[in-house]
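Scroll down for the structure; my scribbles are underneath it.
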Protein chains: 2
Amino acid sequence: MAAQTESLKYAVVGKRPIRHDGVEKVTGSAQYGADMRLPGLLYGKVLRSPHAHARIRSIDTSKASAFLDGAAVVTSADLPPSDPVAQGVVLGQTPSQNILAKEKVLYKGHPVAAVAAGSPHVAEEALSLIDVVYEPLPHVTNVEEAMKPDAPILHEHWTEGKVFGSEGTDPTNIATRDQYVLGDPDGGFRDADLVFEREFRTKSVHQGYIEPQNATARWAPDGRLTIWCSSQGHFGIRDNTARILGVPIDRVKVVPMEIGGGFGGKLAVYLEPIAAILSRQAGWPVKMTMDRTEVLEATGPTSGSYVRVKIGVTQGGRITAAQAYYAYEAGAFPGSPITPAAAAVFAPYYIENVQIDGYDVVDNKPRTTAYRAPGAPIVAFAVESLIDEIAEQLKMDPMKIRLLNVATEGTRRADGVTNGRIGAREVMEMVRSHPHYSAPLDGENKGRGVGLGFCRNNTGMSCVVANVLTNGSVSLVEGSVDIGGSRTAIAQQFAEVLGLPVEDINPLIADTDTIGYTSVTGGSGVTFKTGWAAYEAANDVKRQLVARAAMVWDVGEKEIEYVDGFIQHKSDPELRMSFKEIAAMLPETGGPIVGRAGVNPGGSAGSYSANIIDVEVDPETGKVEIIRCTAFQDAGTAIHPSYVEGQMQGGTAQGIGWALSEEYFMSRDGRMLNSTFLDYRMPTSLDLPMIDTVIVEVPNPNHPFGVKGVGEASISAPLGAMANAIYDAIGVRMRELPMNPPAIVRGLQSAD
Amino acid sequence: MAAQTESLKYAVVGKRPIRHDGVEKVTGSAQYGADMRLPGLLYGKVLRSPHAHARIRSIDTSKASAFLDGAAVVTSADLPPSDPVAQGVVLGQTPSQNILAKEKVLYKGHPVAAVAAGSPHVAEEALSLIDVVYEPLPHVTNVEEAMKPDAPILHEHWTEGKVFGSEGTDPTNIATRDQYVLGDPDGGFRDADLVFEREFRTKSVHQGYIEPQNATARWAPDGRLTIWCSSQGHFGIRDNTARILGVPIDRVKVVPMEIGGGFGGKLAVYLEPIAAILSRQAGWPVKMTMDRTEVLEATGPTSGSYVRVKIGVTQGGRITAAQAYYAYEAGAFPGSPITPAAAAVFAPYYIENVQIDGYDVVDNKPRTTAYRAPGAPIVAFAVESLIDEIAEQLKMDPMKIRLLNVATEGTRRADGVTNGRIGAREVMEMVRSHPHYSAPLDGENKGRGVGLGFCRNNTGMSCVVANVLTNGSVSLVEGSVDIGGSRTAIAQQFAEVLGLPVEDINPLIADTDTIGYTSVTGGSGVTFKTGWAAYEAANDVKRQLVARAAMVWDVGEKEIEYVDGFIQHKSDPELRMSFKEIAAMLPETGGPIVGRAGVNPGGSAGSYSANIIDVEVDPETGKVEIIRCTAFQDAGTAIHPSYVEGQMQGGTAQGIGWALSEEYFMSRDGRMLNSTFLDYRMPTSLDLPMIDTVIVEVPNPNHPFGVKGVGEASISAPLGAMANAIYDAIGVRMRELPMNPPAIVRGLQSAD
């Protein structure tokens with residue numbers, strides 16, 4: 001079932017063409033980072049810390065250097081000391097200590113040294129010849145433990161008073177605190193008939209993209225560095241690498257390879273600066289690829305967390321006040337998503353009196369990075385679970401209480417932002433009216449749950465250049481890495497403006513030297529911002545076409561109009577040319593036409609999602625089977641509905657994995673015990689039913705085609721929906737993730 | 001000695017910055033076509049005809065296919081039959097029969113079949129398993145023989161009457177004839193006091209670029225073909241390959257690799273379509289590289305020729321009439337440069353009554369392609385030799401008779417074109433006033449000669465896109481392959497407009513999908529047309545910067561001016577920002593700035609060159625030593641004088657090689673006997689003195705910076721200058737090239 005209303009107005013937008021890169025990808029011929037070959041290519045490998053926390057007493061690379069005949073061996077001493085984000089306090093920027101450890105290792109897997117050799121096997125042999133003397137230190141891998149006054153301290157030079165603006169002077173693992181107090185929370189709770197307060201806990205989970213991180217670097221003798229890698233934004237890779245290496249941004253070129261999944265995990269740099277300094281030292285290009293254990297142990301998962309939510313309601317179900325306290329693990333360096341969590345925590349609802357306290361806390365785990373709707377699923381799990389519990393207490397329909405408190409245009413979000421033309425009500429109403437919501441669900445140990453989700457979505461700078469070919473096709477040069485089909489979604493917006501078939505548009509992603517600055521493929525921003533740039537570039541082409549036609553016909557430009565792929569005189573029907581006809585005339589009418597746009601548009605809009613999930617729980621084994629799942633989402637205008645649906649299904653699947661089975665299982669000595677895909681259990685197609693999708697179109701009035709981002713909100717709703725469904729099935733309220741079989745069984749046992 | 005007058009006016013133009021690609025090239029780290037590596041790469045090899053002329057009775061590839069386990073083996077049957085330039089009569093377009101022979105082989109080295117295998121050695125083994133049955137035919141490898149009525153005919157279906165518009169009906173090797181009759185030649189000769197008529201002959205010579213042809217092709221499962229190769233114009237490679245393969249141009253992407261010399265020889269396609277169909281058949285990328293023998297035997301040399309020139313003069317030295325008859329070898333398919341020869345033959349002079357008859361004649365040699373100032377050196381050799389002979393007869397100074405007849409602005413060239421602001425007089429006057437011209441030259445067997453040269457130069461479409469980085473540098477995306485330093489010469493023109501240091505401009509050459517159509521790096525057109533595009537793109541940037549500043553300052557755009565790298569309010573001195581300052585503000589003022597231009601400018605201007613050369617001839621061995629050589633050239637504005645000088649020196653060296661030692665030495669059975677650089681004797685640095693250069697700047701009024709092309713004219717002057725110097729030294733008038741030791745000795749013997 002689809003609820004397309006808005007996108008049906010268009011000729012190209014809203015259709016479902018085959019993606020331009022489809023055949024390349026399904027036939028395995030698309031080129032990924034690991035496919036890089038260059039003359040003289042060396043292979044780099046990383047030596048990683050075996051300890052969760054230790055002081056580095058010494059690193060002796062002399063035997064490895066001798067073995068490699070003086071070729072490339074590097075440590076943090078080969079990085080400039082003056083990285084301005086050495087403290088790692090700038091969100092989205094990687095501190096150089098995470099690239100190669102300085103003084104201390106902060107997690108098992110933390111890079112300590114690296115080598116390059118003519119084969120990966122020789123490189124591994126050389127790693128074994130590096131002598132590192134460690135002084136192991138006490139470690140902490142849990143956010144609640146890490147906040148305690150006597151916790152092992154990761155960054156001894158941090159004191160609350162000095163670095164982070166609070167009063168204390170003792171060293172701390174608390175990197176930063178966000179607080180929002182709006183309205184009168186105390187008064188609101190006093191006005192409540194009932195006040196509920198519950199604690200929730202979640203574990204670290206990983207984005208689990210198929211393709212491991214990789215990077216090939218060539219540091220040429222002229223000081224220009226070229227990097228080929230998979231990322232969610234090659235400009236970000238360029239800027240971070242340049243900063244860490246202390247070179248100007250225009251000396252670094254990053255060439256985007258195809259990306260095998262990112263989900264936020266491919267925004268940060270890991271191998272790129274190492275490959276670069278290995279190449280500089282060796283004088284040859286160096287390629288590095290991670291294995292799965294390196295990915296799990298040393299690239300960013302998202303936070304484990306502790307969350308406490310308090311909600312006051314009237315007997316009628318109106319929320320009078322709400323409070324959220326949450327502490328997110330940042331891993332070894334600050335940067336957990338506590339700020340977007342504040343936007344998301346109560347986003348579906350308008351709450352007059354509200355307080356939020358968010359803590360960003362370091363511990364001895366890999367540094368967290370963004371994961372689909374960063375910060376939002378954890379707090380949505382808590383709030384949606386508690387709303388469900390309140391509804392039960394009040395004997396209200398769980399969607400009715402949500403709709404009673406729904407956030408609408410003009411209301412104020414809990415982080416102070418005023419809501420624009422949001423689709424929370426439309427999504428909720430679609431859920432309540434959907435056949436799934438009222439379908440019978442017979443049999444024992446079966447249950448149904450609903451949950452809402454939200455992602456605020458981002459924008460940023462973006463560039464598009466359009467080259468009109470003489471055969472009437474258009475080469476569309478973009479800076480946005482394509483993860484989910486954005487080549488086609490952007491081409492559709494370009495084609496819509498010019499009235500062309502989308503098959504005549506050939507989109508491509510250019511390197512950082514070739515296209516202007518384009519911000520990351522993240523925050524569900526690409527279809528919004530790069531679609532906007534394509535719209536502007538198409539209009540730039542249109543203006544030039546009109547000028548050419550005016551010249552050819554010897555009439556004024558104002559007498560000409562461009563309609564549905566034809567350029568025509570407004571009054572003389574003899575004067576009419578198709579796009580293809582005028583394209584063929586470019587050489588003799590002044591040369592090629594190049595359309596261009598550089599934009600940084602405001603007005604991106606958050607997206608709301610919801611799930612209805614039916615489960616059956618096996619009370620003996622604790623196994624949860626999903627019987628039926630429907631995903632709802634406000635997509636704004638769905639530019640390519642199939643890709644919107646794919647995002648909804650993918651996000652829902654990841655949310656279900658987070659809810660049911662995924663976790664970093666840590667040993668007492670601070671090691672991840674399940675660092676392979678055999679043991680880190682993500683849902684597969686065998687674990688899930690077909691996820692039905694319902695697109696709700698509430699167009700964004702700030703975008704030429706009404707686009708909202710759609711990539712993320714869908715991961716937030718399933719966590720609470722799953723907990724609510726399990727409760728509905730077996731009467732056990734699960735407030736910790738994952739809700740795996742042992743946890744379910746424990747829950748059933750304690751309920752008994 | 002330099003005569004810079006015009007370029008001194010500028011801040012960046014006219015300076016001699018280090019070229020952007022310099023370090024990469026001198027350190028050997030620049031990436032050429034032969035450096036390509038791709039996963040699964042196969043190596044292609046070509047089976048070539050052992051005969052100069054033969055009918056192909058059959059090709060049996062079954063044994064090779066079996067040996068390769070069904071992998072790639074191709075013949076002309078794998079190319080579409082319907083190539084629209086199958087006759088090869090379109091200049092600059094390669095007929096598909098030259099890619100893989102159909103029905104007949106037309107020269108020794110003509111490709112017949114090709115294979116691809118996992119290693120070059122296996123591919124060569126597979127070639128040996130292809131059985132081709134030939135029926136050898138009589139052949140002809142000399143233009144005068146080829147024109148005879150009883151000559152072996154290459155293309156039997158051509159009849160003069162049918163295909164080329166003349167009256168005859170017999171098959172012929174004459175592909176086309178150009179004729180120009182202007183004024184009253186007969187009357188002019190009647191008015192002459194003296195009429196001279198002489199015959200001249202030259203041999204086929206090769207461009208002799210260092211880097212052999214190469215191509216790597218990947219034909220992806222989605223039908224998109226990517227080609228990496230070295231060329232003088234990747235758009236031309238794309239268009240020719242697409243046409244030969246019968247696919248739309250937007251399905252073919254050509255990625256330009258660095259080029260190790262071209263001189264006109266890398267405009268045509270050879271390996272590209274073969275690598276493409278091998279890749280399509282094999283399902284993997286295929287790389288092909290030629291060896292030197294393949295380059296010499298199967299890529300385009302320039303024509304061997306027969307020339308007859310007749311000039312009538314008054315006793316005072318005024319030319320009353322002139323006539324040129326010339327027949328150029330085209331090799332196996334038409335396309336010799338008889339049209340540019342008509343422009344060049346009498347270009348330094350204004351001749352009221354003139355006739356030109358040019359013949360394009362096929363014979364059993366590799367198809368000719370462009371070579372530096374195509375067609376011009378051969379006729380310049382003839383005319384400059386004859387002018388010298390006339391001057392001697394008239395006892396006039398050889399520069400005086402030239403200046404007496406010099407072509408000037410407004411006069412009509414012998415091919416009917418009206419001269420613009422040409423620099424013929426300025427070059428001649430610079431020669432006559434140069435110290436070298438009047439320097440003493442003592443000793444036996446020494447002589448001095450002068451000669452003039454000309455190239456008409458071309459223009460074409462060109463695109464430039466400029467991305468402004470936030471650190472104030474600019475990434476300059478061009479479509480012009482850089483052979484002689486054009487990255488820097490174009491960056492200088494861009495930097496001049498914006499008042500920036502050229503070091504802050506980072507030029508790069510983009511592939512055919514990424515930048516708009518840009519015509520070939522040929523006809524000395526790049527600095528003219530792509531410099532123009534850079535000028536327009538810089539102005540596009542400037543307009544946008546003014547708009548940003550107007551927004552920031554909240555003033556009208558008309559109140560703002562851009563001067564010397566600063567944007568400033570015309571009356572308020574407080575409002576002033578450097579380019580770097582406003583670049584840093586791009587994110588918050590609307591996003592990136594992208595400048596763009598697509599141009600097809602008219603107004604390109606021909607360039608004149610001259611040489612003074614002193615030689616010493618050893619009368620026993622016939623060896624000619626060059627004692628002193630000065631090259632003069634009108635460069636318009638010399639954007640980068642060092643590169644202008646480099647072009648002058650390089651062209652002069654090639655002209656000297658053509659004059660003294662280079663030739664295709666053909667056996668009776670139609671094979672080239674000297675197909676290596678050991679035997680095909682090009683001048684080396686040991687053979688030449690330092691060539692002094694004198695830049696004469698007569699700016700082109702049609703170009704924003706006064707640019708004329710400078711890459712070619714310099715090759716034309718040395719041939720006549722050498723013949724005149726040798727005559728001056730030993731009194732023998734050489735009218736055939738090369739003037740190698742045996743020829744000199746024969747000349748001395750017959751003079752005795």
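As shown in the structure tokens, the chain order sets the letters A, B, ...; within each chain, residues go from 1, and ligands are also counted from 1 in the order they appear.
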
- request: May I have the residues of chain A within 7 Å of chain B, counting only C-alpha atoms, written as a VMD selection string?
  value: chain A and resid 23 to 24 27 29 35 to 39 220 to 222 250 461 467 473 475 477 513 to 517 587 590 to 594 596 to 600

For the residues in that selection, give me C-alpha atoms as a PDB file, in the first residue's frame.
ATOM      1  CA  VAL A  23      23.511  -3.326 -13.763  1.00  0.00           C
ATOM      2  CA  GLU A  24      27.045  -2.497 -12.666  1.00  0.00           C
ATOM      3  CA  THR A  27      26.766  -7.928 -12.007  1.00  0.00           C
ATOM      4  CA  SER A  29      31.464  -4.978 -12.009  1.00  0.00           C
ATOM      5  CA  ASP A  35      39.334  -3.167  -6.401  1.00  0.00           C
ATOM      6  CA  MET A  36      42.048  -0.511  -6.639  1.00  0.00           C
ATOM      7  CA  ARG A  37      45.167  -1.466  -8.550  1.00  0.00           C
ATOM      8  CA  LEU A  38      48.093   0.848  -9.179  1.00  0.00           C
ATOM      9  CA  PRO A  39      51.631   0.284 -10.428  1.00  0.00           C
ATOM     10  CA  ALA A 220      53.235  12.007  -5.030  1.00  0.00           C
ATOM     11  CA  PRO A 221      56.664  13.600  -5.017  1.00  0.00           C
ATOM     12  CA  ASP A 222      55.086  17.018  -5.572  1.00  0.00           C
ATOM     13  CA  ASP A 250      43.839  21.594  -2.059  1.00  0.00           C
ATOM     14  CA  MET A 461      26.591  22.546   0.707  1.00  0.00           C
ATOM     15  CA  ASN A 467      27.166  19.026 -19.445  1.00  0.00           C
ATOM     16  CA  SER A 473      21.890  13.486 -23.348  1.00  0.00           C
ATOM     17  CA  SER A 475      26.168  14.258 -18.128  1.00  0.00           C
ATOM     18  CA  VAL A 477      28.322  15.628 -12.335  1.00  0.00           C
ATOM     19  CA  ASP A 513      39.136  18.324  -7.265  1.00  0.00           C
ATOM     20  CA  THR A 514      36.573  18.042 -10.008  1.00  0.00           C
ATOM     21  CA  ILE A 515      33.304  19.059  -8.397  1.00  0.00           C
ATOM     22  CA  GLY A 516      32.707  21.805  -5.886  1.00  0.00           C
ATOM     23  CA  TYR A 517      32.380  21.154  -2.175  1.00  0.00           C
ATOM     24  CA  PRO A 587      28.706  23.714 -31.705  1.00  0.00           C
ATOM     25  CA  GLY A 590      28.505  29.328 -29.312  1.00  0.00           C
ATOM     26  CA  GLY A 591      29.813  26.027 -28.014  1.00  0.00           C
ATOM     27  CA  PRO A 592      28.877  23.656 -25.236  1.00  0.00           C
ATOM     28  CA  ILE A 593      26.328  24.485 -22.562  1.00  0.00           C
ATOM     29  CA  VAL A 594      27.437  23.835 -19.003  1.00  0.00           C
ATOM     30  CA  ARG A 596      26.141  24.711 -12.707  1.00  0.00           C
ATOM     31  CA  ALA A 597      24.952  25.229  -9.170  1.00  0.00           C
ATOM     32  CA  GLY A 598      26.492  25.553  -5.762  1.00  0.00           C
ATOM     33  CA  VAL A 599      23.935  25.651  -2.956  1.00  0.00           C
ATOM     34  CA  ASN A 600      23.662  25.493   0.793  1.00  0.00           C
TER      35      ASN A 600
END

message: Using DSSP secondary structure from the backbone, list all alpha helix (DSSP H) positions within range 436-612 of chain B, as a PyMOL selection string.
response: chain B and resi 436-438+486-498+526-553+579-584

message: Applying 10 Å and only C-alpha atoms, which residues near Leu127 in chain B remain after dropping the ones on its own chain fewer than 4 positions away? List them as a list of chain:residue names.
response: B:Gly44, B:Lys45, B:Val46, B:Leu47, B:Arg48, B:Thr61, B:Lys63, B:Ala64, B:Ser65, B:Val73, B:Ala113, B:Ala114, B:Val115, B:Ala116, B:His121, B:Val122, B:Ala123, B:Asp131

message: Quick one: residues within 10 Å of Phe705 in chain A, only C-alpha atoms, excluding same-chain residues fewer than 6 positions away - as a ChimeraX atom specification?
response: /A:6-7,10,13,493,496,528,531-532,535,636-639,699

query: What is the CA of Pro337 in chain B-CA of Tyr664 in chain B distance in Å, reported with one decimal?
result: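 Pair CA of Pro337 in chain B / CA of Tyr664 in chain B returns 18.1 Å.
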
I'd like the contact shell of Ala631 in chain B - 6 Å cut-off, only C-alpha atoms, skipping same-chain residues fewer than 5 positions apart - returned as a PDB file with all heavy atoms, in the first residue's frame.
ATOM      1  N   ALA B 610      60.498  31.568 -38.192  1.00  0.00           N
ATOM      2  CA  ALA B 610      61.669  31.649 -39.074  1.00  0.00           C
ATOM      3  C   ALA B 610      62.861  31.020 -38.377  1.00  0.00           C
ATOM      4  O   ALA B 610      62.879  30.893 -37.155  1.00  0.00           O
ATOM      5  CB  ALA B 610      61.977  33.102 -39.419  1.00  0.00           C
ATOM      6  N   ASN B 611      63.814  30.585 -39.186  1.00  0.00           N
ATOM      7  CA  ASN B 611      65.081  30.091 -38.640  1.00  0.00           C
ATOM      8  C   ASN B 611      66.252  30.741 -39.365  1.00  0.00           C
ATOM      9  O   ASN B 611      66.187  30.984 -40.577  1.00  0.00           O
ATOM     10  CB  ASN B 611      65.224  28.571 -38.830  1.00  0.00           C
ATOM     11  CG  ASN B 611      64.380  27.784 -37.874  1.00  0.00           C
ATOM     12  OD1 ASN B 611      63.388  27.187 -38.269  1.00  0.00           O
ATOM     13  ND2 ASN B 611      64.749  27.798 -36.609  1.00  0.00           N
ATOM     14  N   THR B 693      66.133  31.245 -29.110  1.00  0.00           N
ATOM     15  CA  THR B 693      64.751  31.581 -29.468  1.00  0.00           C
ATOM     16  C   THR B 693      64.511  33.072 -29.345  1.00  0.00           C
ATOM     17  O   THR B 693      65.047  33.730 -28.449  1.00  0.00           O
ATOM     18  CB  THR B 693      63.761  30.865 -28.542  1.00  0.00           C
ATOM     19  OG1 THR B 693      64.090  31.165 -27.190  1.00  0.00           O
ATOM     20  CG2 THR B 693      63.798  29.359 -28.748  1.00  0.00           C
TER      21      THR B 693
END

- prompt: Quick one, how far is CA of Glu135 in chain A from CA of Val105 in chain A?
  reply: 9.9 Å
